[in-house]
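Chemist: The structure's right below; bear with me while I get my questions together.
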Amino acid sequence: MARTKSKTGIYHIMLRGIDKRNIFLDDEDRMKFLEKLLKAREVGRFKLYGYCLMDNHVHMLIEEQEEIGKSIKRITVGYVQWHNTKHERTGHLFQNRYNSEAVETEGYLINVLRYIHQNPVKAKMVRNAKDYPWSSYHQYLLEYNQQSSFIDTEIVMSYYAGQEEFENYMNTETKEEFLEYKQTKKYTDTSLKKIIEKDIRIEDLVHLPIEKRNKRIKDIYRNTEASIRQLARVLELGKGVIEKAVKSKV
C-alpha cells in the first residue's frame with residue numbers, strides 16, 4: 001500500500017524492532033541512536049520536532065527535505081551496524097517497513113507530540129513525562145530556559161509561550177492514538193508453555209496435518225503475542241516453520 005503523502009512534508013514516524021525485539025538494550029544504545037539521528041539530519045536537512053525512544057520502538061516527528069525514506073535509511077543503517085557489532089549479532093534489527101502518518105496541520109502536530117511524550121507514562125515506565133530522559137520533552141524545557149537544544153521548537157513554542165503552559169498541555173491525559181503501538185506481552189518459556197498446553201499438548205501439535213498445525217500456531221501467535229523466536233523455542237519447531245504458519249492464509 002502506498003504511503004500517504006504529506007502536503008506539509010511533516011510525518012509521524014514509528015520504527016519497530018523486528019520480531020518484537022528490543023532495539024535498545026542500554027543507555028549507550030540510546031545515545032548512539034540519537035547521534036545517528038542528528039547526523040542524518042545534518043546530511044538530509046530535515047526538521048526534527050519530537051522523538052521518544054522506547055525499548056522496542058521509536059517515535060519521531062520529522063519534516064522532510066529529501067524524501068522521508070532516504071532520511072529514515074540514513075538513521076537506521078548506521079545504528080544497526082553499530083548495534084550488531086556491539087551486541088555480537090547479525091541480520092535485521094528494524095522491521096523492513098517503517099510506519100508513518102501524514103501531519104497536515106500544526107494543531108495535529110502538537111497533539112501527536114503530546115502523544116509521543118506520553119508514551120512512557122502509558123507504558124507505566126514513569127509517572128510523569130518529564131521523568132523520562134529519552135524523549136524530546138526535556139529538549140523543549142531547555143529552550144524555555146534560554147538554553148540551546150537540538151529540536152526544532154519554533155512551531156510548538158509559538159503556541160505555548162511559557163513553560164508552564166507547555167507542560168500543562170503535554171501532561172493533559174489524552175486517549176488519542178497515533179500509530180498506536182501495543183506493548184507486547186512477555187513470558188518466560190515455562191509460563192508460555194503452560195498457557196499453550198491449556199488448549200493442546202505441544203507434542204500433539206507437531207503431529208497435526210500441516211494446515212491444522214499452521215492454524216493452531218497462528219492462533220497461538222495472535223492470542224499470546226509472543227515472539228516468533230520464543231514460539232520456535234517453546235514449540236520445538238524451526239523459526240521458518242513458525243513464520244510460514246503466521247503468514248499462512250488459514
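Ordered as shown in the C-alpha cells, chains take letters A, B, and onward, while each chain numbers its residues from 1 and ligands are numbered from 1 in the order shown.
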List as a list in words the protein and nucleic acid residues near Lys193 in chain A, meaning an atom at most 9 Å away when only C-alpha atoms are counted, but skip any in the same chain fewer than 3 places from it.
Modeler: Thr188, Asp189, Thr190, Ile196, Glu197, Lys198, Ile202, Val234 and Leu235 of chain A
Chemist: Can you list, as a list in words, all residues belonging to range 15-246 of chain A that DSSP tags as strand (DSSP E or B)?
Modeler: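 Filtering range 15-246 of chain A down to strand (DSSP E or B) leaves Leu15, Arg16, Gly17, Lys47, Leu48, Tyr49, Gly50, Tyr51, Cys52, Leu53, His57, Val58, His59, Met60, Leu61, Ile62, Glu63, Phe94, Asn99, Ser100, Glu101, Ala102, Val103 and Ser135 of chain A.
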Chemist: Give me, please, the distance in Å between CA of Ile195 in chain A and CA of Asn223 in chain A, quoted to one decimal.
Modeler: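 Interatomic distance here is 10.1 Å.
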Chemist: I want to know what sits within 12 Å of Arg3 in chain A, based on only C-alpha atoms, with residues of the same chain fewer than 3 positions away left out; could you give that as a PDB file with N, CA, C and O atoms, in the first residue's frame?
Modeler:
```pdb
ATOM      1  N   SER A   6       2.375  13.691   2.685  1.00  0.00           N
ATOM      2  CA  SER A   6       2.004  14.845   3.488  1.00  0.00           C
ATOM      3  C   SER A   6       2.161  16.122   2.673  1.00  0.00           C
ATOM      4  O   SER A   6       3.212  16.366   2.085  1.00  0.00           O
ATOM      5  N   TYR A  11       5.856  14.298   8.985  1.00  0.00           N
ATOM      6  CA  TYR A  11       5.399  12.924   9.223  1.00  0.00           C
ATOM      7  C   TYR A  11       5.656  12.509  10.669  1.00  0.00           C
ATOM      8  O   TYR A  11       6.656  12.890  11.275  1.00  0.00           O
ATOM      9  N   ILE A  13       6.661   9.298  12.423  1.00  0.00           N
ATOM     10  CA  ILE A  13       7.329   8.060  12.027  1.00  0.00           C
ATOM     11  C   ILE A  13       7.454   7.136  13.229  1.00  0.00           C
ATOM     12  O   ILE A  13       7.765   7.579  14.338  1.00  0.00           O
ATOM     13  N   ILE A  68      11.422  11.270   2.621  1.00  0.00           N
ATOM     14  CA  ILE A  68      11.490  10.824   4.014  1.00  0.00           C
ATOM     15  C   ILE A  68      12.139   9.451   4.152  1.00  0.00           C
ATOM     16  O   ILE A  68      12.881   9.184   5.103  1.00  0.00           O
ATOM     17  N   GLY A  69      11.912   8.566   3.188  1.00  0.00           N
ATOM     18  CA  GLY A  69      12.501   7.232   3.252  1.00  0.00           C
ATOM     19  C   GLY A  69      14.017   7.263   3.252  1.00  0.00           C
ATOM     20  O   GLY A  69      14.669   6.446   3.920  1.00  0.00           O
ATOM     21  N   ARG A  97       9.621  -2.252   6.935  1.00  0.00           N
ATOM     22  CA  ARG A  97       8.752  -1.140   6.551  1.00  0.00           C
ATOM     23  C   ARG A  97       8.407  -0.309   7.781  1.00  0.00           C
ATOM     24  O   ARG A  97       7.712  -0.778   8.689  1.00  0.00           O
ATOM     25  N   TYR A  98       8.889   0.910   7.829  1.00  0.00           N
ATOM     26  CA  TYR A  98       8.546   1.779   8.957  1.00  0.00           C
ATOM     27  C   TYR A  98       7.099   2.260   8.820  1.00  0.00           C
ATOM     28  O   TYR A  98       6.548   2.316   7.719  1.00  0.00           O
ATOM     29  N   ASN A  99       6.470   2.600   9.916  1.00  0.00           N
ATOM     30  CA  ASN A  99       5.115   3.145   9.910  1.00  0.00           C
ATOM     31  C   ASN A  99       5.177   4.659   9.840  1.00  0.00           C
ATOM     32  O   ASN A  99       6.065   5.279  10.429  1.00  0.00           O
ATOM     33  N   SER A 100       4.227   5.255   9.141  1.00  0.00           N
ATOM     34  CA  SER A 100       4.205   6.715   9.065  1.00  0.00           C
ATOM     35  C   SER A 100       2.778   7.206   8.903  1.00  0.00           C
ATOM     36  O   SER A 100       1.907   6.489   8.404  1.00  0.00           O
ATOM     37  N   GLU A 101       2.542   8.431   9.336  1.00  0.00           N
ATOM     38  CA  GLU A 101       1.274   9.106   9.060  1.00  0.00           C
ATOM     39  C   GLU A 101       1.577  10.562   8.731  1.00  0.00           C
ATOM     40  O   GLU A 101       2.498  11.168   9.287  1.00  0.00           O
ATOM     41  N   ALA A 102       0.810  11.098   7.809  1.00  0.00           N
ATOM     42  CA  ALA A 102       0.989  12.488   7.398  1.00  0.00           C
ATOM     43  C   ALA A 102       0.449  13.417   8.481  1.00  0.00           C
ATOM     44  O   ALA A 102      -0.599  13.169   9.075  1.00  0.00           O
TER      45      ALA A 102
END
```
Chemist: Tell me which of A:Trp82, A:Tyr49, A:Phe178, A:Tyr115 sits closest to Lys36 in chain A, counting only C-alpha atoms.
Modeler: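 Counting only C-alpha atoms, the residue closest to Lys36 in chain A is A:Trp82.
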Chemist: Counting only C-alpha atoms, what is within 10 Å of range 160-169 of chain A, bar same-chain residues fewer than 6 positions away, as a list of chain:residue names?
Modeler: A:Ile110, A:Asn111, A:Arg114, A:Ala129, A:Lys130, A:Tyr137, A:Tyr140, A:Leu141, A:Leu142, A:Glu143, A:Tyr144, A:Asn145
Chemist: Would you write out those residues with all heavy atoms, as a tab-separated table (two decimals), in the first residue's frame?
Modeler:
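So part21.tsv came out as:
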```tsv
chain	number	residue	atom	x	y	z
A	110	ILE	N	0.95	19.20	17.22
A	110	ILE	CA	1.07	19.38	18.67
A	110	ILE	C	0.40	18.22	19.40
A	110	ILE	O	0.90	17.73	20.42
A	110	ILE	CB	0.47	20.74	19.08
A	110	ILE	CG1	1.37	21.86	18.54
A	110	ILE	CG2	0.33	20.84	20.60
A	110	ILE	CD1	0.77	23.22	18.65
A	111	ASN	N	-0.73	17.75	18.88
A	111	ASN	CA	-1.40	16.60	19.50
A	111	ASN	C	-0.56	15.34	19.40
A	111	ASN	O	-0.48	14.54	20.35
A	111	ASN	CB	-2.76	16.36	18.85
A	111	ASN	CG	-3.80	17.38	19.29
A	111	ASN	OD1	-3.61	18.07	20.29
A	111	ASN	ND2	-4.88	17.49	18.55
A	114	ARG	N	2.27	15.52	21.92
A	114	ARG	CA	1.81	15.17	23.27
A	114	ARG	C	1.70	13.65	23.42
A	114	ARG	O	2.14	13.08	24.42
A	114	ARG	CB	0.45	15.81	23.56
A	114	ARG	CG	-0.13	15.39	24.91
A	114	ARG	CD	-1.37	16.18	25.27
A	114	ARG	NE	-2.46	15.98	24.31
A	114	ARG	CZ	-3.66	16.54	24.44
A	114	ARG	NH1	-3.90	17.36	25.47
A	114	ARG	NH2	-4.60	16.33	23.55
A	129	ALA	N	5.74	12.60	32.24
A	129	ALA	CA	6.53	12.68	31.02
A	129	ALA	C	7.91	13.29	31.27
A	129	ALA	O	8.90	12.87	30.67
A	129	ALA	CB	5.79	13.49	29.96
A	130	LYS	N	7.98	14.24	32.19
A	130	LYS	CA	9.27	14.91	32.46
A	130	LYS	C	10.27	13.98	33.12
A	130	LYS	O	11.47	14.27	33.17
A	130	LYS	CB	9.05	16.14	33.33
A	130	LYS	CG	8.62	15.84	34.76
A	130	LYS	CD	8.44	17.12	35.56
A	130	LYS	CE	7.99	16.81	36.99
A	130	LYS	NZ	7.80	18.05	37.77
A	137	TYR	N	10.91	15.89	25.32
A	137	TYR	CA	10.29	16.74	26.34
A	137	TYR	C	11.32	17.69	26.97
A	137	TYR	O	11.09	18.90	27.08
A	137	TYR	CB	9.66	15.85	27.41
A	137	TYR	CG	8.75	16.56	28.38
A	137	TYR	CD1	7.37	16.53	28.21
A	137	TYR	CD2	9.24	17.23	29.50
A	137	TYR	CE1	6.51	17.15	29.10
A	137	TYR	CE2	8.41	17.86	30.39
A	137	TYR	CZ	7.05	17.82	30.20
A	137	TYR	OH	6.21	18.45	31.09
A	140	TYR	N	12.61	20.62	24.84
A	140	TYR	CA	11.74	21.81	24.87
A	140	TYR	C	11.96	22.62	26.15
A	140	TYR	O	11.99	23.85	26.12
A	140	TYR	CB	10.27	21.39	24.74
A	140	TYR	CG	9.88	21.12	23.31
A	140	TYR	CD1	9.90	19.82	22.80
A	140	TYR	CD2	9.50	22.15	22.46
A	140	TYR	CE1	9.56	19.56	21.48
A	140	TYR	CE2	9.15	21.90	21.14
A	140	TYR	CZ	9.19	20.62	20.66
A	140	TYR	OH	8.87	20.38	19.35
A	141	LEU	N	12.14	21.93	27.27
A	141	LEU	CA	12.37	22.65	28.52
A	141	LEU	C	13.66	23.46	28.47
A	141	LEU	O	13.74	24.56	29.02
A	141	LEU	CB	12.40	21.68	29.71
A	141	LEU	CG	11.12	20.90	30.00
A	141	LEU	CD1	11.23	20.18	31.34
A	141	LEU	CD2	9.89	21.80	29.99
A	142	LEU	N	14.67	22.92	27.79
A	142	LEU	CA	15.92	23.67	27.62
A	142	LEU	C	15.65	25.00	26.92
A	142	LEU	O	16.14	26.05	27.33
A	142	LEU	CB	16.93	22.85	26.81
A	142	LEU	CG	17.58	21.67	27.53
A	142	LEU	CD1	18.45	20.86	26.54
A	142	LEU	CD2	18.44	22.14	28.71
A	143	GLU	N	14.86	24.94	25.84
A	143	GLU	CA	14.56	26.16	25.08
A	143	GLU	C	13.77	27.16	25.92
A	143	GLU	O	14.01	28.37	25.85
A	143	GLU	CB	13.78	25.80	23.81
A	143	GLU	CG	14.60	25.07	22.76
A	143	GLU	CD	15.53	26.00	22.00
A	143	GLU	OE1	15.39	27.23	22.13
A	143	GLU	OE2	16.40	25.48	21.27
A	144	TYR	N	12.83	26.65	26.72
A	144	TYR	CA	12.05	27.56	27.57
A	144	TYR	C	12.93	28.24	28.63
A	144	TYR	O	12.57	29.28	29.17
A	144	TYR	CB	10.90	26.80	28.25
A	144	TYR	CG	9.69	26.64	27.34
A	144	TYR	CD1	9.32	25.39	26.86
A	144	TYR	CD2	8.93	27.74	26.95
A	144	TYR	CE1	8.23	25.23	26.02
A	144	TYR	CE2	7.83	27.60	26.12
A	144	TYR	CZ	7.48	26.35	25.66
A	144	TYR	OH	6.40	26.20	24.82
A	145	ASN	N	14.08	27.63	28.91
A	145	ASN	CA	15.01	28.21	29.89
A	145	ASN	C	16.22	28.84	29.23
A	145	ASN	O	17.30	28.93	29.82
A	145	ASN	CB	15.43	27.12	30.89
A	145	ASN	CG	14.31	26.76	31.86
A	145	ASN	OD1	14.09	27.47	32.84
A	145	ASN	ND2	13.59	25.69	31.58
```
Chemist: Which one is closest to His138 in chain A: A:Arg16, A:Gly50, A:Lys212, A:Arg201? Count only C-alpha atoms.
Modeler: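 Between A:Arg16, A:Gly50, A:Lys212, A:Arg201, the residue approaching His138 in chain A most closely is A:Gly50.
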Chemist: Expressed in Å to a single decimal, how great is the separation between CA of Met157 in chain A and CA of Tyr108 in chain A?
Modeler: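 These atoms are spaced 14.6 Å apart.
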Chemist: Which neighbours of Gly44 in chain A fall inside 7 Å, counting only C-alpha atoms, when residues of the same chain fewer than 6 positions from it are skipped, and could you give them as a ChimeraX atom specification?
Modeler: /A:65-66,71
Chemist: What separation in Å, quoted to one decimal, exists between CA of Lys32 in chain A and CA of Glu67 in chain A?
Modeler: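 Rounded to one decimal, the two atoms are 23.3 Å apart.
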